[in-house]
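One file, data_26.pdb, carrying PDB, C-alpha atoms and all ligand atoms:
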```
ATOM      1  CA  MET A 676     -21.530 -14.829  -2.786
ATOM      2  CA  ILE A 677     -20.380 -12.751   0.196
ATOM      3  CA  ARG A 678     -22.971 -10.213   1.339
ATOM      4  CA  SER A 679     -21.715  -8.946   4.695
ATOM      5  CA  VAL A 680     -18.286  -7.783   5.837
ATOM      6  CA  LEU A 681     -16.940  -6.506   9.114
ATOM      7  CA  VAL A 682     -13.896  -4.244   8.789
ATOM      8  CA  MET A 683     -11.817  -4.359  11.969
ATOM      9  CA  GLY A 684      -9.691  -1.260  12.421
ATOM     10  CA  MET A 685     -10.766   2.130  11.139
ATOM     11  CA  GLY A 686      -7.208   3.334  10.576
ATOM     12  CA  ARG A 687      -6.046   4.610   7.200
ATOM     13  CA  VAL A 688      -6.658   1.342   5.361
ATOM     14  CA  GLY A 689      -9.844   0.139   7.097
ATOM     15  CA  SER A 690     -11.686   3.464   6.991
ATOM     16  CA  SER A 691     -10.833   3.867   3.283
ATOM     17  CA  LEU A 692     -11.650   0.303   2.227
ATOM     18  CA  ALA A 693     -14.947   0.134   4.172
ATOM     19  CA  PRO A 694     -16.798   2.741   2.008
ATOM     20  CA  TRP A 695     -15.148   1.273  -1.094
ATOM     21  CA  LEU A 696     -16.535  -2.171  -0.235
ATOM     22  CA  ALA A 697     -19.964  -0.664   0.468
ATOM     23  CA  SER A 698     -19.852   0.936  -3.007
ATOM     24  CA  GLY A 699     -19.719  -2.616  -4.386
ATOM     25  CA  GLY A 700     -23.097  -3.382  -2.813
ATOM     26  CA  LEU A 701     -21.787  -5.142   0.298
ATOM     27  CA  GLU A 702     -23.294  -4.717   3.739
ATOM     28  CA  VAL A 703     -20.337  -3.319   5.646
ATOM     29  CA  ARG A 704     -19.954  -2.898   9.414
ATOM     30  CA  TRP A 705     -17.004  -1.376  11.248
ATOM     31  CA  TRP A 706     -15.256  -1.906  14.555
ATOM     32  CA  ASN A 707     -12.483   0.197  16.044
ATOM     33  CA  ARG A 708     -10.637   0.252  19.360
ATOM     34  CA  SER A 709     -11.041   4.007  19.866
ATOM     35  CA  PRO A 710     -14.003   6.272  19.156
ATOM     36  CA  LEU A 711     -13.979   7.826  15.664
ATOM     37  CA  ASP A 712     -14.142  11.554  15.029
ATOM     38  CA  ALA A 713     -17.395  13.109  13.808
ATOM     39  CA  GLU A 714     -16.132  13.725  10.265
ATOM     40  CA  LEU A 715     -15.168  10.081   9.738
ATOM     41  CA  LEU A 716     -18.413   8.878  11.330
ATOM     42  CA  ASP A 717     -20.353  11.040   8.846
ATOM     43  CA  LEU A 718     -18.309   9.757   5.911
ATOM     44  CA  LEU A 719     -18.941   6.140   6.919
ATOM     45  CA  ALA A 720     -22.649   6.717   7.581
ATOM     46  CA  LEU A 721     -23.054   8.433   4.195
ATOM     47  CA  ALA A 722     -21.491   5.380   2.548
ATOM     48  CA  GLY A 723     -23.918   3.135   4.481
ATOM     49  CA  VAL A 724     -21.138   1.716   6.688
ATOM     50  CA  LEU A 725     -22.485   1.253  10.224
ATOM     51  CA  PRO A 726     -20.891   0.220  13.511
ATOM     52  CA  LEU A 727     -20.894  -3.467  14.395
ATOM     53  CA  ASP A 728     -24.152  -4.424  16.063
ATOM     54  CA  PRO A 729     -23.772  -7.643  18.081
ATOM     55  CA  THR A 730     -27.544  -8.272  17.819
ATOM     56  CA  GLU A 731     -27.306  -8.633  14.016
ATOM     57  CA  PRO A 732     -26.280 -11.928  12.365
ATOM     58  CA  ALA A 733     -22.495 -12.335  12.277
ATOM     59  CA  PRO A 734     -20.760 -11.058   9.102
ATOM     60  CA  GLU A 735     -19.654 -13.683   6.582
ATOM     61  CA  LEU A 736     -16.182 -12.172   6.180
ATOM     62  CA  VAL A 737     -13.989 -10.179   8.539
ATOM     63  CA  LEU A 738     -11.333  -7.899   7.064
ATOM     64  CA  ALA A 739      -8.670  -7.155   9.667
ATOM     65  CA  ALA A 740      -7.040  -3.831   8.735
ATOM     66  CA  LEU A 741      -4.808  -3.821  11.796
ATOM     67  CA  PRO A 742      -1.055  -3.513  12.408
ATOM     68  CA  GLU A 743       0.860  -6.677  11.527
ATOM     69  CA  ALA A 744       1.979  -7.133  15.158
ATOM     70  CA  LEU A 745      -1.652  -7.287  16.288
ATOM     71  CA  LEU A 746      -2.876  -9.799  13.695
ATOM     72  CA  PRO A 747      -2.072 -12.954  15.747
ATOM     73  CA  ALA A 748      -4.514 -11.669  18.410
ATOM     74  CA  VAL A 749      -7.400 -11.241  15.938
ATOM     75  CA  PRO A 750      -9.005 -14.721  16.278
ATOM     76  CA  GLY A 751      -9.133 -14.215  20.066
ATOM     77  CA  MET A 752     -10.646 -10.742  19.655
ATOM     78  CA  LEU A 753     -13.235 -12.152  17.240
ATOM     79  CA  ALA A 754     -14.190 -14.976  19.580
ATOM     80  CA  LYS A 755     -15.234 -12.327  22.135
ATOM     81  CA  MET A 756     -16.808 -10.001  19.576
ATOM     82  CA  LEU A 757     -18.740 -12.634  17.591
ATOM     83  CA  PRO A 758     -19.056 -15.633  19.938
ATOM     84  CA  GLY A 759     -19.660 -18.913  18.099
ATOM     85  CA  ALA A 760     -19.140 -17.393  14.620
ATOM     86  CA  LEU A 761     -16.441 -18.604  12.227
ATOM     87  CA  PRO A 762     -16.328 -15.982   9.459
ATOM     88  CA  LEU A 763     -13.814 -16.016   6.617
ATOM     89  CA  LEU A 764     -10.852 -14.139   8.007
ATOM     90  CA  VAL A 765      -8.853 -11.825   5.745
ATOM     91  CA  HIS A 766      -6.058  -9.357   6.513
ATOM     92  CA  THR A 767      -4.591  -6.425   4.584
ATOM     93  CA  SER A 768      -0.950  -6.906   5.515
ATOM     94  CA  GLY A 769       1.731  -7.390   2.859
ATOM     95  CA  GLY A 770       4.367  -8.811   5.170
ATOM     96  CA  ALA A 771       2.411 -11.172   7.459
ATOM     97  CA  ALA A 772       3.744 -14.748   7.417
ATOM     98  CA  PRO A 773       1.653 -17.493   5.741
ATOM     99  CA  GLU A 774       1.520 -19.353   9.103
ATOM    100  CA  LEU A 775      -0.520 -16.519  10.587
ATOM    101  CA  TRP A 776      -3.827 -17.819  11.988
ATOM    102  CA  SER A 777      -2.840 -21.461  11.421
ATOM    103  CA  ASP A 778      -4.895 -22.337  14.525
ATOM    104  CA  TYR A 779      -8.002 -20.553  13.242
ATOM    105  CA  ARG A 780     -10.596 -23.166  12.251
ATOM    106  CA  GLY A 781     -12.165 -21.044   9.487
ATOM    107  CA  ALA A 782     -10.656 -20.130   6.113
ATOM    108  CA  LYS A 783      -8.207 -17.224   5.993
ATOM    109  CA  ALA A 784      -6.501 -15.117   3.340
ATOM    110  CA  ARG A 785      -4.412 -12.067   2.544
ATOM    111  CA  MET A 786      -5.912  -9.157   0.577
ATOM    112  CA  HIS A 787      -3.099  -6.632   0.399
ATOM    113  CA  PRO A 788      -3.918  -3.326  -1.325
ATOM    114  CA  LEU A 789      -1.112  -2.079  -3.570
ATOM    115  CA  LEU A 790      -1.946   1.519  -2.826
ATOM    116  CA  PRO A 791      -0.548   4.119  -0.413
ATOM    117  CA  PHE A 792      -2.996   5.135   2.332
ATOM    118  CA  THR A 793      -1.941   8.280   4.141
ATOM    119  CA  ALA A 794      -5.200   9.473   5.747
ATOM    120  CA  ARG A 795      -8.334   7.999   7.282
ATOM    121  CA  GLY A 796     -11.324   7.974   4.950
ATOM    122  CA  GLN A 797      -9.142   8.365   1.856
ATOM    123  CA  HIS A 798     -11.083   8.347  -1.406
ATOM    124  CA  LEU A 799     -10.001   5.442  -3.609
ATOM    125  CA  PRO A 800      -9.672   6.214  -7.322
ATOM    126  CA  GLU A 801     -11.757   4.413  -9.938
ATOM    127  CA  GLN A 802      -8.869   4.669 -12.411
ATOM    128  CA  PRO A 803      -6.487   3.035 -12.286
ATOM    129  CA  PRO A 804      -8.456   0.252 -10.551
ATOM    130  CA  VAL A 805      -7.278  -0.528  -7.018
ATOM    131  CA  LEU A 806      -4.937  -3.512  -7.180
ATOM    132  CA  PHE A 807      -4.662  -6.190  -4.458
ATOM    133  CA  LEU A 808      -2.429  -9.174  -3.925
ATOM    134  CA  VAL A 809      -4.744 -11.990  -2.864
ATOM    135  CA  GLY A 810      -3.779 -15.406  -1.555
ATOM    136  CA  GLY A 811      -4.542 -17.932   1.154
ATOM    137  CA  ASP A 812      -7.022 -20.727   1.789
ATOM    138  CA  GLU A 813      -9.012 -21.316  -1.375
ATOM    139  CA  MET A 814     -12.413 -20.429   0.086
ATOM    140  CA  ALA A 815     -11.276 -17.178   1.693
ATOM    141  CA  ALA A 816      -9.056 -16.184  -1.258
ATOM    142  CA  ARG A 817     -11.956 -16.775  -3.663
ATOM    143  CA  ALA A 818     -14.202 -14.578  -1.495
ATOM    144  CA  ALA A 819     -11.520 -11.859  -1.346
ATOM    145  CA  ARG A 820     -11.098 -11.912  -5.136
ATOM    146  CA  GLU A 821     -14.865 -11.658  -5.511
ATOM    147  CA  LEU A 822     -14.981  -8.596  -3.196
ATOM    148  CA  VAL A 823     -12.241  -6.901  -5.206
ATOM    149  CA  LEU A 824     -13.950  -7.521  -8.544
ATOM    150  CA  ARG A 825     -17.345  -6.386  -7.270
ATOM    151  CA  CYS A 826     -15.799  -3.051  -6.346
ATOM    152  CA  ASN A 827     -14.170  -2.745  -9.794
ATOM    153  CA  GLY A 828     -10.725  -3.447  -8.399
ATOM    154  CA  ARG A 829      -8.142  -5.868  -9.781
ATOM    155  CA  HIS A 830      -6.192  -8.636  -8.132
ATOM    156  CA  LEU A 831      -2.900 -10.426  -8.541
ATOM    157  CA  ASP A 832      -2.933 -14.005  -7.288
ATOM    158  CA  ALA A 833      -0.235 -14.564  -4.674
ATOM    159  CA  PRO A 834       2.111 -17.452  -5.469
ATOM    160  CA  VAL A 835       1.929 -20.300  -2.958
ATOM    161  CA  GLN A 836       5.642 -19.854  -2.200
ATOM    162  CA  LEU A 837       5.307 -16.059  -1.638
ATOM    163  CA  GLN A 838       8.113 -14.636   0.511
ATOM    164  CA  PRO A 839       6.134 -11.939   2.345
ATOM    165  CA  ALA A 840       9.056  -9.953   3.772
ATOM    166  CA  LEU A 841      10.675  -9.703   0.338
ATOM    167  CA  TYR A 842       7.344  -8.922  -1.326
ATOM    168  CA  HIS A 843       6.657  -6.174   1.223
ATOM    169  CA  ALA A 844      10.172  -4.751   0.815
ATOM    170  CA  ALA A 845       9.489  -4.550  -2.938
ATOM    171  CA  CYS A 846       6.291  -2.571  -2.205
ATOM    172  CA  VAL A 847       8.339  -0.121  -0.147
ATOM    173  CA  LEU A 848      10.922   0.212  -2.938
ATOM    174  CA  ALA A 849       8.211   0.821  -5.550
ATOM    175  CA  CYS A 850       6.048   3.253  -3.599
ATOM    176  CA  ASN A 851       7.297   4.643  -0.300
ATOM    177  CA  PHE A 852      10.901   5.341  -1.288
ATOM    178  CA  PRO A 853      10.026   7.115  -4.576
ATOM    179  CA  ALA A 854       7.559   9.323  -2.649
ATOM    180  CA  PHE A 855      10.309  10.162  -0.162
ATOM    181  CA  LEU A 856      12.747  10.872  -2.994
ATOM    182  CA  GLY A 857      10.107  13.097  -4.632
ATOM    183  CA  ALA A 858       9.724  15.087  -1.401
ATOM    184  CA  SER A 859      13.525  15.334  -1.167
ATOM    185  CA  ALA A 860      13.745  16.533  -4.769
ATOM    186  CA  GLN A 861      11.124  19.228  -4.035
ATOM    187  CA  SER A 862      13.218  20.497  -1.115
ATOM    188  CA  ALA A 863      16.403  20.437  -3.198
ATOM    189  CA  PHE A 864      14.695  22.355  -6.040
ATOM    190  CA  GLN A 865      13.640  24.996  -3.513
ATOM    191  CA  ALA A 866      17.124  25.158  -2.012
ATOM    192  CA  ALA A 867      18.388  25.650  -5.594
ATOM    193  CA  GLY A 868      16.177  28.732  -5.940
ATOM    194  CA  LEU A 869      12.929  27.507  -7.514
ATOM    195  CA  THR A 870       9.640  28.624  -5.975
ATOM    196  CA  PRO A 871       7.590  25.991  -4.101
ATOM    197  CA  HIS A 872       5.165  25.827  -7.035
ATOM    198  CA  GLN A 873       7.967  25.440  -9.585
ATOM    199  CA  SER A 874       9.580  22.779  -7.365
ATOM    200  CA  THR A 875       6.377  20.751  -7.305
ATOM    201  CA  GLU A 876       5.912  21.124 -11.057
ATOM    202  CA  ALA A 877       9.499  20.093 -11.791
ATOM    203  CA  THR A 878       9.320  17.064  -9.489
ATOM    204  CA  THR A 879       5.948  15.923 -10.784
ATOM    205  CA  ALA A 880       6.967  16.345 -14.441
ATOM    206  CA  LEU A 881      10.137  14.306 -13.946
ATOM    207  CA  MET A 882       8.477  11.524 -11.963
ATOM    208  CA  ALA A 883       5.473  11.288 -14.304
ATOM    209  CA  SER A 884       7.620  11.170 -17.454
ATOM    210  CA  MET A 885       9.941   8.580 -15.872
ATOM    211  CA  LEU A 886       6.906   6.398 -15.039
ATOM    212  CA  GLU A 887       5.495   6.812 -18.526
ATOM    213  CA  LEU A 888       8.859   5.848 -20.041
ATOM    214  CA  ALA A 889       9.261   2.887 -17.676
ATOM    215  CA  GLY A 890       5.808   1.707 -18.730
ATOM    216  CA  ARG A 891       7.068   1.524 -22.324
ATOM    217  CA  VAL A 892      10.695   0.422 -21.985
ATOM    218  CA  GLY A 893      10.963  -1.072 -18.477
ATOM    219  CA  PHE A 894      12.343   0.424 -15.255
ATOM    220  CA  GLY A 895      15.947  -0.606 -15.896
ATOM    221  CA  ALA A 896      15.974   1.193 -19.226
ATOM    222  CA  ALA A 897      14.310   4.252 -17.666
ATOM    223  CA  VAL A 898      17.247   4.913 -15.332
ATOM    224  CA  SER A 899      18.979   7.990 -16.759
ATOM    225  CA  GLY A 900      21.259  10.758 -15.500
ATOM    226  CA  PRO A 901      24.946  11.089 -14.550
ATOM    227  CA  ALA A 902      25.209   7.827 -12.561
ATOM    228  CA  SER A 903      23.975   5.793 -15.521
ATOM    229  CA  ARG A 904      26.588   7.562 -17.706
ATOM    230  CA  GLY A 905      29.398   6.992 -15.226
ATOM    231  CA  GLU A 906      29.993  10.725 -14.672
ATOM    232  CA  THR A 907      31.669  10.501 -11.276
ATOM    233  CA  PRO A 908      32.898  14.152 -11.007
ATOM    234  CA  ILE A 909      29.336  15.433 -11.527
ATOM    235  CA  LEU A 910      28.004  13.048  -8.871
ATOM    236  CA  GLN A 911      30.620  14.308  -6.414
ATOM    237  CA  GLN A 912      29.638  17.895  -7.188
ATOM    238  CA  HIS A 913      25.973  17.026  -6.520
ATOM    239  CA  ALA A 914      26.828  15.318  -3.220
ATOM    240  CA  ARG A 915      28.769  18.394  -2.052
ATOM    241  CA  ALA A 916      25.914  20.714  -3.018
ATOM    242  CA  LEU A 917      23.358  18.542  -1.200
ATOM    243  CA  ALA A 918      25.571  18.183   1.880
ATOM    244  CA  ALA A 919      25.475  21.966   2.334
ATOM    245  CA  THR A 920      21.751  21.763   3.154
ATOM    246  CA  ASP A 921      21.131  18.129   4.122
ATOM    247  CA  ALA A 922      24.054  15.853   5.009
ATOM    248  CA  GLU A 923      21.852  12.781   5.464
ATOM    249  CA  LEU A 924      20.285  13.200   2.036
ATOM    250  CA  ALA A 925      23.739  13.680   0.531
ATOM    251  CA  ALA A 926      24.772  10.308   2.004
ATOM    252  CA  VAL A 927      21.652   8.651   0.533
ATOM    253  CA  TYR A 928      22.452  10.273  -2.830
ATOM    254  CA  GLU A 929      26.031   9.001  -2.771
ATOM    255  CA  LEU A 930      24.956   5.465  -1.885
ATOM    256  CA  LEU A 931      22.302   5.330  -4.612
ATOM    257  CA  ALA A 932      24.650   6.848  -7.185
ATOM    258  CA  ALA A 933      27.404   4.354  -6.286
ATOM    259  CA  THR A 934      24.933   1.460  -6.620
ATOM    260  CA  ILE A 935      23.775   2.647 -10.048
ATOM    261  CA  LEU A 936      27.416   3.146 -11.126
ATOM    262  CA  ARG A 937      28.256  -0.436 -10.147
ATOM    263  CA  ARG A 938      25.155  -1.869 -11.798
ATOM    264  CA  ARG A 939      24.880   0.300 -14.870
ATOM    265  CA  GLU A 940      26.124  -2.491 -17.111
ATOM    266  CA  LEU A 941      23.129  -4.508 -15.982
ATOM    267  CA  LEU A 942      20.650  -1.771 -16.764
ATOM    268  CA  LEU A 943      19.102  -2.018 -20.171
ATOM    269  CA  ASP A 944      20.013   0.032 -23.227
ATOM    270  CA  GLY A 945      17.786   2.929 -22.239
ATOM    271  CA  ALA A 946      20.649   4.154 -20.055
ATOM    272  CA  LYS A 947      22.434   5.302 -23.229
ATOM    273  CA  GLY A 948      22.079   8.774 -24.705
ATOM    274  CA  ASN A 949      19.713  10.110 -22.079
ATOM    275  CA  GLN A 950      19.595  13.390 -20.187
TER
HETATM  276  N1  LIG B   1      -1.068   2.521   5.072
HETATM  277  C1  LIG B   1      -0.815   1.879   3.941
HETATM  278  O1  LIG B   1      -0.431   2.491   2.937
HETATM  279  C2  LIG B   1      -1.017   0.383   3.837
HETATM  280  C3  LIG B   1      -1.083  -0.190   2.551
HETATM  281  C4  LIG B   1      -1.302  -1.552   2.453
HETATM  282  C5  LIG B   1      -1.451  -2.332   3.592
HETATM  283  N2  LIG B   1      -1.371  -1.741   4.835
HETATM  284  C6  LIG B   1      -1.568  -2.630   5.997
HETATM  285  O2  LIG B   1      -2.877  -2.396   6.537
HETATM  286  C7  LIG B   1      -2.848  -2.565   7.980
HETATM  287  C8  LIG B   1      -3.373  -1.296   8.619
HETATM  288  O3  LIG B   1      -2.525  -0.218   8.271
HETATM  289  P1  LIG B   1      -2.976   1.300   8.462
HETATM  290  O4  LIG B   1      -2.033   2.128   7.654
HETATM  291  O5  LIG B   1      -4.438   1.442   8.258
HETATM  292  O6  LIG B   1      -2.644   1.518  10.004
HETATM  293  P2  LIG B   1      -3.151   2.718  10.936
HETATM  294  O7  LIG B   1      -3.665   3.849  10.130
HETATM  295  O8  LIG B   1      -2.035   2.959  11.887
HETATM  296  O9  LIG B   1      -4.397   2.084  11.715
HETATM  297  C9  LIG B   1      -4.183   1.099  12.669
HETATM  298  C10 LIG B   1      -5.513   0.584  13.153
HETATM  299  O10 LIG B   1      -5.237  -0.435  14.111
HETATM  300  C11 LIG B   1      -5.865  -0.093  15.345
HETATM  301  N3  LIG B   1      -5.050  -0.556  16.464
HETATM  302  C12 LIG B   1      -3.757  -0.252  16.709
HETATM  303  N4  LIG B   1      -3.353  -0.875  17.833
HETATM  304  C13 LIG B   1      -4.414  -1.554  18.309
HETATM  305  C14 LIG B   1      -4.644  -2.401  19.450
HETATM  306  N5  LIG B   1      -3.674  -2.656  20.318
HETATM  307  N6  LIG B   1      -5.862  -2.948  19.605
HETATM  308  C15 LIG B   1      -6.867  -2.694  18.709
HETATM  309  N7  LIG B   1      -6.733  -1.912  17.623
HETATM  310  C16 LIG B   1      -5.505  -1.354  17.419
HETATM  311  C17 LIG B   1      -6.007   1.418  15.312
HETATM  312  O11 LIG B   1      -7.055   1.769  16.177
HETATM  313  P3  LIG B   1      -7.140   3.233  16.870
HETATM  314  O12 LIG B   1      -7.913   4.100  15.929
HETATM  315  O13 LIG B   1      -7.833   2.942  18.137
HETATM  316  O14 LIG B   1      -5.706   3.697  17.068
HETATM  317  C18 LIG B   1      -6.369   1.640  13.848
HETATM  318  O15 LIG B   1      -7.712   1.352  13.607
HETATM  319  C19 LIG B   1      -1.392  -2.887   8.343
HETATM  320  O16 LIG B   1      -1.261  -4.290   8.441
HETATM  321  C20 LIG B   1      -0.598  -2.358   7.159
HETATM  322  O17 LIG B   1       0.606  -3.060   6.969
HETATM  323  C21 LIG B   1      -1.169  -0.411   4.973
END
```

I need this file expressed as C-alpha cells, please.
Amino acid sequence: MIRSVLVMGMGRVGSSLAPWLASGGLEVRWWNRSPLDAELLDLLALAGVLPLDPTEPAPELVLAALPEALLPAVPGMLAKMLPGALPLLVHTSGGAAPELWSDYRGAKARMHPLLPFTARGQHLPEQPPVLFLVGGDEMAARAARELVLRCNGRHLDAPVQLQPALYHAACVLACNFPAFLGASAQSAFQAAGLTPHQSTEATTALMASMLELAGRVGFGAAVSGPASRGETPILQQHARALAATDAELAAVYELLAATILRRRELLLDGAKGNQ
C-alpha cells in the first residue's frame, strides 16, 4: 500500500490534488518551480501537505502535475531531486503519449482527472466522486487506482490501445467547449435584455436540464432546438442577431447549426417534438 506521495507542480491540478490525497490518509509532499503565495502555503499546511524535504526518505510515488510539454524532462528532474530513488511515476495528463518515460526504469502510469481545474487550491467535491482515467504499467496503475479509491474517488481503466489525442479532444468537447458555450449564452442573454442574474439563471437552468435529460435518454436524443428540427430560416435569423454583437460567435453558431442540420438524421428520436 502506498503511504507517501510527492506532487510535482503546484499549479491548478497539483495544488488541488495534493490536499485531496492527504485527506485519504497519505503523507503528501509538494515541489514547485516558483515560490507559492502565502494563502496557498496555508491551505497546504492546514491539509498536512508539506514541502519536499530531501533529508526524509524518498516518496514511494511521484505525481507529476506538470504541462504535457515538460513531462519528458521529469525523470531527469527527479534524478537530481531524489538521487538514487526510483519511485512509481504517475502523470495527470490526458493527452501524453503512451511512450512517455519509456526509458524510465521504474513503473509509470497516467492518472488523468476528469474534472475542470480553474484555480490553485481548488476544493474537490465529495459528490459526485472525482473520476480519473488510469492506465499504464501494472504496478503504477494499481497504485494510482488505490490512491483514487482511498480518497473516495472513482476510476475508469484506460484501454491498452487508448488514443490519447482523441481521448483528450473528447474531454475538451465534453467539458471545456460546453463551459465556453455557457459563457457565450450568458452574454447573448444579456445582449437580449436580461439582467446578469437572469442570464445566469437561464443558462444554468437550460444546461442543467439538458444534462439531466441526457443522463436519461443519451446525448444524441437530448439535442433539441431549431437545428434539430431543420428550421433553417430561424437559424439564419439567430446568426444575424448574434453577428450584430459578436461576429466570431455568430460564425461558431452557424457552423454548429450546419453540423447538426447535416447529422440530425443520426441523432436519436429525442430530437422530435422538442422545444
Ligand atoms: N487544468 C485542468 O483542468 C486539467 C485537468 C486535467 C488534467 N490536467 C493536466 O494536468 C497538468 C497540469 O495542469 P494545470 O492546469 O495544473 O497547469 P498549471 O496550472 O498551468 O500549472 C503548471 C505547473 O507546472 C509548473 N511549470 C510550468 N513550467 C515549468 C517548468 N519549465 N519547470 C518546472 N515547472 C514548470 C508550474 O510552476 P510555476 O508555479 O512555477 O509556474 C505549475 O506548477 C497538465 O498536464 C494538464 O494537461 C489539467

So that each row is one residue of chain A with an atom at most 7 Å from ligand LIG 1 (chain B), can you give its shortest atom pair and the distance in Å to one decimal, using all atoms listed in the file, rows by chain and rising number, as JSON lines?
```
{"residue": "A:Gly684", "atom": "CA", "partner": "B:LIG1", "partner_atom": "O15", "distance": 3.5}
{"residue": "A:Met685", "atom": "CA", "partner": "B:LIG1", "partner_atom": "O15", "distance": 4.0}
{"residue": "A:Gly686", "atom": "CA", "partner": "B:LIG1", "partner_atom": "O9", "distance": 3.3}
{"residue": "A:Arg687", "atom": "CA", "partner": "B:LIG1", "partner_atom": "O5", "distance": 3.7}
{"residue": "A:Val688", "atom": "CA", "partner": "B:LIG1", "partner_atom": "O5", "distance": 3.7}
{"residue": "A:Gly689", "atom": "CA", "partner": "B:LIG1", "partner_atom": "O5", "distance": 5.7}
{"residue": "A:Asn707", "atom": "CA", "partner": "B:LIG1", "partner_atom": "O15", "distance": 5.5}
{"residue": "A:Arg708", "atom": "CA", "partner": "B:LIG1", "partner_atom": "O13", "distance": 4.1}
{"residue": "A:Ser709", "atom": "CA", "partner": "B:LIG1", "partner_atom": "O13", "distance": 3.8}
{"residue": "A:Ala740", "atom": "CA", "partner": "B:LIG1", "partner_atom": "C7", "distance": 4.4}
{"residue": "A:Leu741", "atom": "CA", "partner": "B:LIG1", "partner_atom": "O10", "distance": 4.1}
{"residue": "A:Pro742", "atom": "CA", "partner": "B:LIG1", "partner_atom": "O16", "distance": 4.0}
{"residue": "A:Glu743", "atom": "CA", "partner": "B:LIG1", "partner_atom": "O16", "distance": 4.4}
{"residue": "A:Leu745", "atom": "CA", "partner": "B:LIG1", "partner_atom": "N5", "distance": 6.5}
{"residue": "A:Thr767", "atom": "CA", "partner": "B:LIG1", "partner_atom": "O2", "distance": 4.8}
{"residue": "A:Ser768", "atom": "CA", "partner": "B:LIG1", "partner_atom": "O16", "distance": 3.9}
{"residue": "A:Gly769", "atom": "CA", "partner": "B:LIG1", "partner_atom": "C5", "distance": 6.0}
{"residue": "A:His787", "atom": "CA", "partner": "B:LIG1", "partner_atom": "C5", "distance": 5.6}
{"residue": "A:Pro788", "atom": "CA", "partner": "B:LIG1", "partner_atom": "C4", "distance": 4.9}
{"residue": "A:Leu789", "atom": "CA", "partner": "B:LIG1", "partner_atom": "C4", "distance": 6.0}
{"residue": "A:Leu790", "atom": "CA", "partner": "B:LIG1", "partner_atom": "C3", "distance": 5.7}
{"residue": "A:Pro791", "atom": "CA", "partner": "B:LIG1", "partner_atom": "O1", "distance": 3.7}
{"residue": "A:Phe792", "atom": "CA", "partner": "B:LIG1", "partner_atom": "O1", "distance": 3.7}
{"residue": "A:Thr793", "atom": "CA", "partner": "B:LIG1", "partner_atom": "N1", "distance": 5.9}
{"residue": "A:Arg795", "atom": "CA", "partner": "B:LIG1", "partner_atom": "O7", "distance": 6.9}
```

**Study point:** Selection near Ala933 (chain A), 12 Å with only C-alpha atoms, sequence-local residues under 2 positions removed, as a ChimeraX atom specification
**Key:** /A:901-907,910-911,914,926-931,935-939

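Of the listed residues A:Asp717, A:Ser691, A:Val765, A:Leu941, the one whose atoms come nearest to Pro800 (chain A) is A:Ser691, with distances taken using all atoms listed in the file.
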
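When all atoms listed in the file are used to compute distances to Leu681 (chain A), the closest of the residues A:Met814, A:Gly699, A:Leu719, A:Pro762 turns out to be A:Pro762.
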
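CA of Asn851 (chain A) to CA of Ala693 (chain A) spans 23.1 Å [interatomic distance, one decimal].
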
Practice item. Spell out the residues picked by the PyMOL selection byres (((chain A and resi 726) around 6) and not hetatm) here, as a PyMOL selection string. Key: chain A and resi 704-705+725+727

Selection near Pro839 (chain A), 9 Å with all atoms listed in the file, sequence-local residues under 5 positions removed, as a tab-separated table (two decimals) with C-alpha atoms, in the frame of the given file:
```
chain	number	residue	atom	x	y	z
A	769	GLY	CA	1.73	-7.39	2.86
A	770	GLY	CA	4.37	-8.81	5.17
A	771	ALA	CA	2.41	-11.17	7.46
A	772	ALA	CA	3.74	-14.75	7.42
A	773	PRO	CA	1.65	-17.49	5.74
A	844	ALA	CA	10.17	-4.75	0.82
```

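Of the residues listed (A:Leu808, A:Leu757, A:Ala845, A:Ala916), A:Leu808 shows the shortest atom-to-atom separation from Ala833 (chain A); distances use all atoms listed in the file.
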
**Study point:** Nearby residues, (-23.8, 1.3, 2.2) file frame, 10 Å, only C-alpha atoms, as an MDAnalysis selection string
**Key:** chainID A and resid 693:704 719:725

Practice item. Quick one: everything within 12 Å of Ser777 (chain A), counting only C-alpha atoms, minus sequence neighbours fewer than 2 positions away in the same chain. Send it as number ranges by chain. Key: A: 746-747, 750, 764, 772-775, 779-784, 811-812

Exercise for review: Tell me, in Å to one decimal, how far CA of Ala863 (chain A) is from CA of Leu917 (chain A).
Suggested key: 7.5 Å

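Distance annotation: of A:Cys846, A:Ala858, A:Ala867, A:Ala794, the residue with the minimal separation from His913 (chain A) is A:Ala867; atom set is only C-alpha atoms.
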
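Here the question is which of A:Leu715, A:Leu824, A:Met683, A:Leu841 gets nearest to His766 (chain A) using all atoms listed in the file, and that residue is A:Met683.
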
Exercise for review: May I have the residues within 8 Å of region 874-878 of chain A as JSON, numbers by chain, using only C-alpha atoms and disregarding those fewer than 5 positions away in the same chain?
Suggested key: {"A": [857, 860, 861, 862, 864, 865, 869]}

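Taking CA of Arg820 (chain A) as the reference point, CA of Leu837 (chain A) is found at 17.3 Å.
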